[in-house]
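Below is one structure; the comments refer to it alone.
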Amino acid sequence: MFSLFRNRISLSRFTLALLLIFSTLGLVFTAPGPAYAANCQDWYTVQRGETLYRIGLKYNMTWDRIASANNITHPDRIYAGQVLCIPVSTSSSTDEATVLSTDVEYVKALTDVHMRVGPGMGYDTMGIVKMGQVIKVTGLSSSGSWWRVVCPDNTIGNCWITAGAQYTQPTTSTGTPTTPAPKPVVIPTFSILAVTRDQTVTIQAANFPAGMKFKVLMGAFGTAGINGYYVTTIDSGAGGSFKATYTIPELLRGSTLIAIRLEGTSGYYSYNWFWNTTNE
């Protein structure tokens, strides 16, 4: 009887020991830990007062990627001296993070847009700028496609939003859209300087836009030269004023009055008329 009781006690102790071993193993196998070193670009030691968000800014990535790589379920519970795996960046963007200066000081989001840790769609998102929100600009990407803006913690870092005109719009600090001052309306004109009957007409042009092609047309009086006989094509060069002489088309020779038109390829035009009489 005593022997049986002793065997039962030994069995209970053995069972308890097994339970303790498996319990310890379970803790070892389920305890959170950093990812494999092969997936880490760096190991970072947390400093006093730092957050995952601030650490993420150092490596151009969002805090949740660092949390995921280190199996951190409570991102607000990191401590000084803790060593974190910084995962390899997944960015595939080819847009260089070169920051250019810009005259734009603020932009307004025309729709919800992602804030990213680099100037490109391949960079991680770090938040959303809501439609109607005005945010300060600190630079422009080398491609001109991304605004660098003030980060959510009011620091200047790698925080970028798209510069697409359908998504963001330059504005003032109060949200009033900024538009360039309208250019003065310039109307090209020309006057008739001289005529050699049935041969040539000389004109003096003014206010012509620069670097634009103009067709020279002549036609019957009263048509403003529309669909007239083609004479030549000129280049306005530096623009402004110029003097030129054109040949009167053979089919208009003998006409008393002739219309002349200079018609540009971008909507500019000017026309006049002259007596087909030598007046040099």
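Labels used: A, B, ... for chains in the order of the structure tokens, numbers from 1 for residues in each chain, and numbers from 1 for ligands as shown.
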
Self-check item: Asp153 of chain A surroundings by only C-alpha atoms, 12 Å radius, close-in-sequence under 3 positions cut, as a list of chain:residue names
Solution: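 The contact residues come out as A:Thr51, A:Tyr53, A:Arg54, A:Leu57, A:Met126, A:Gly127, A:Val149, A:Val150, A:Ile156, A:Gly157, A:Asn158, A:Cys159.
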
Atoms kept (N, CA and C atoms) for selection, written as a PDB file, in the first residue's frame:
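Output below, filename part_8.pdb:
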```pdb
ATOM      1  N   THR A  51      10.100  57.190 -30.570  1.00  0.00           N
ATOM      2  CA  THR A  51       8.922  56.407 -30.949  1.00  0.00           C
ATOM      3  C   THR A  51       9.212  55.694 -32.262  1.00  0.00           C
ATOM      4  N   TYR A  53       7.507  55.917 -34.865  1.00  0.00           N
ATOM      5  CA  TYR A  53       7.281  56.887 -35.941  1.00  0.00           C
ATOM      6  C   TYR A  53       8.554  57.674 -36.231  1.00  0.00           C
ATOM      7  N   ARG A  54       9.218  58.178 -35.164  1.00  0.00           N
ATOM      8  CA  ARG A  54      10.435  58.951 -35.348  1.00  0.00           C
ATOM      9  C   ARG A  54      11.555  58.088 -35.912  1.00  0.00           C
ATOM     10  N   LEU A  57      11.109  57.627 -39.663  1.00  0.00           N
ATOM     11  CA  LEU A  57      11.529  58.766 -40.468  1.00  0.00           C
ATOM     12  C   LEU A  57      13.025  58.706 -40.785  1.00  0.00           C
ATOM     13  N   MET A 126       2.596  56.931 -45.154  1.00  0.00           N
ATOM     14  CA  MET A 126       2.725  57.208 -43.728  1.00  0.00           C
ATOM     15  C   MET A 126       1.490  57.920 -43.186  1.00  0.00           C
ATOM     16  N   GLY A 127       0.520  58.154 -44.032  1.00  0.00           N
ATOM     17  CA  GLY A 127      -0.689  58.819 -43.588  1.00  0.00           C
ATOM     18  C   GLY A 127      -1.478  59.332 -44.771  1.00  0.00           C
ATOM     19  N   VAL A 149       6.547  68.041 -48.078  1.00  0.00           N
ATOM     20  CA  VAL A 149       5.718  68.842 -47.182  1.00  0.00           C
ATOM     21  C   VAL A 149       6.155  68.625 -45.736  1.00  0.00           C
ATOM     22  N   VAL A 150       5.645  69.483 -44.861  1.00  0.00           N
ATOM     23  CA  VAL A 150       5.927  69.350 -43.437  1.00  0.00           C
ATOM     24  C   VAL A 150       5.310  68.049 -42.937  1.00  0.00           C
ATOM     25  N   ILE A 156      10.630  68.924 -40.702  1.00  0.00           N
ATOM     26  CA  ILE A 156      10.931  68.829 -42.128  1.00  0.00           C
ATOM     27  C   ILE A 156      11.722  67.550 -42.351  1.00  0.00           C
ATOM     28  N   GLY A 157      11.125  66.616 -43.064  1.00  0.00           N
ATOM     29  CA  GLY A 157      11.765  65.337 -43.322  1.00  0.00           C
ATOM     30  C   GLY A 157      11.291  64.761 -44.637  1.00  0.00           C
ATOM     31  N   ASN A 158      11.350  63.449 -44.762  1.00  0.00           N
ATOM     32  CA  ASN A 158      10.941  62.791 -45.999  1.00  0.00           C
ATOM     33  C   ASN A 158       9.445  62.502 -45.983  1.00  0.00           C
ATOM     34  N   CYS A 159       8.680  63.550 -46.163  1.00  0.00           N
ATOM     35  CA  CYS A 159       7.224  63.446 -46.222  1.00  0.00           C
ATOM     36  C   CYS A 159       6.790  64.071 -47.545  1.00  0.00           C
TER      37      CYS A 159
END
```

Quiz prompt | Which residue of A:Gly219, A:Gly81, A:Pro209, A:Gly139 approaches Ser255 of chain A most closely, using only C-alpha atoms | solution =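 Among A:Gly219, A:Gly81, A:Pro209, A:Gly139, it is A:Gly219 that comes nearest to Ser255 of chain A.
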
Quiz item: Which is closer to Gly225 of chain A than all the others in A:Thr196, A:Ser241, A:Ser270, A:Thr189, using only C-alpha atoms?
Solution: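 Among the listed residues, A:Ser270 lies closest to Gly225 of chain A.
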
Exercise. Please run DSSP on the backbone and report, as a ChimeraX atom specification, all residues within segment 34-261 of chain A that come out as strand (DSSP E).
Key: /A:40-45,83-87,99-100,106-109,113-116,125-129,134-141,146-150,156-162,168-171,189-196,200-208,213-220,229-235,240-247,257-261

Quiz item: Hey, what's within 8 Å of Thr232 of chain A if we count only C-alpha atoms and toss same-chain stuff fewer than 2 positions away? As a ChimeraX atom specification, please?
Solution: /A:215-217,230,234

How would the residues just chosen look if you wrote them out with C-alpha atoms as a PDB file, in the first residue's frame?
```pdb
ATOM      1  CA  LYS A 215       0.774  81.640 -93.066  1.00  0.00           C
ATOM      2  CA  VAL A 216       0.507  84.615 -95.400  1.00  0.00           C
ATOM      3  CA  LEU A 217      -2.756  84.487 -97.390  1.00  0.00           C
ATOM      4  CA  TYR A 230      -1.299  80.805-100.018  1.00  0.00           C
ATOM      5  CA  ILE A 234       6.930  83.062 -91.898  1.00  0.00           C
TER       6      ILE A 234
END
```
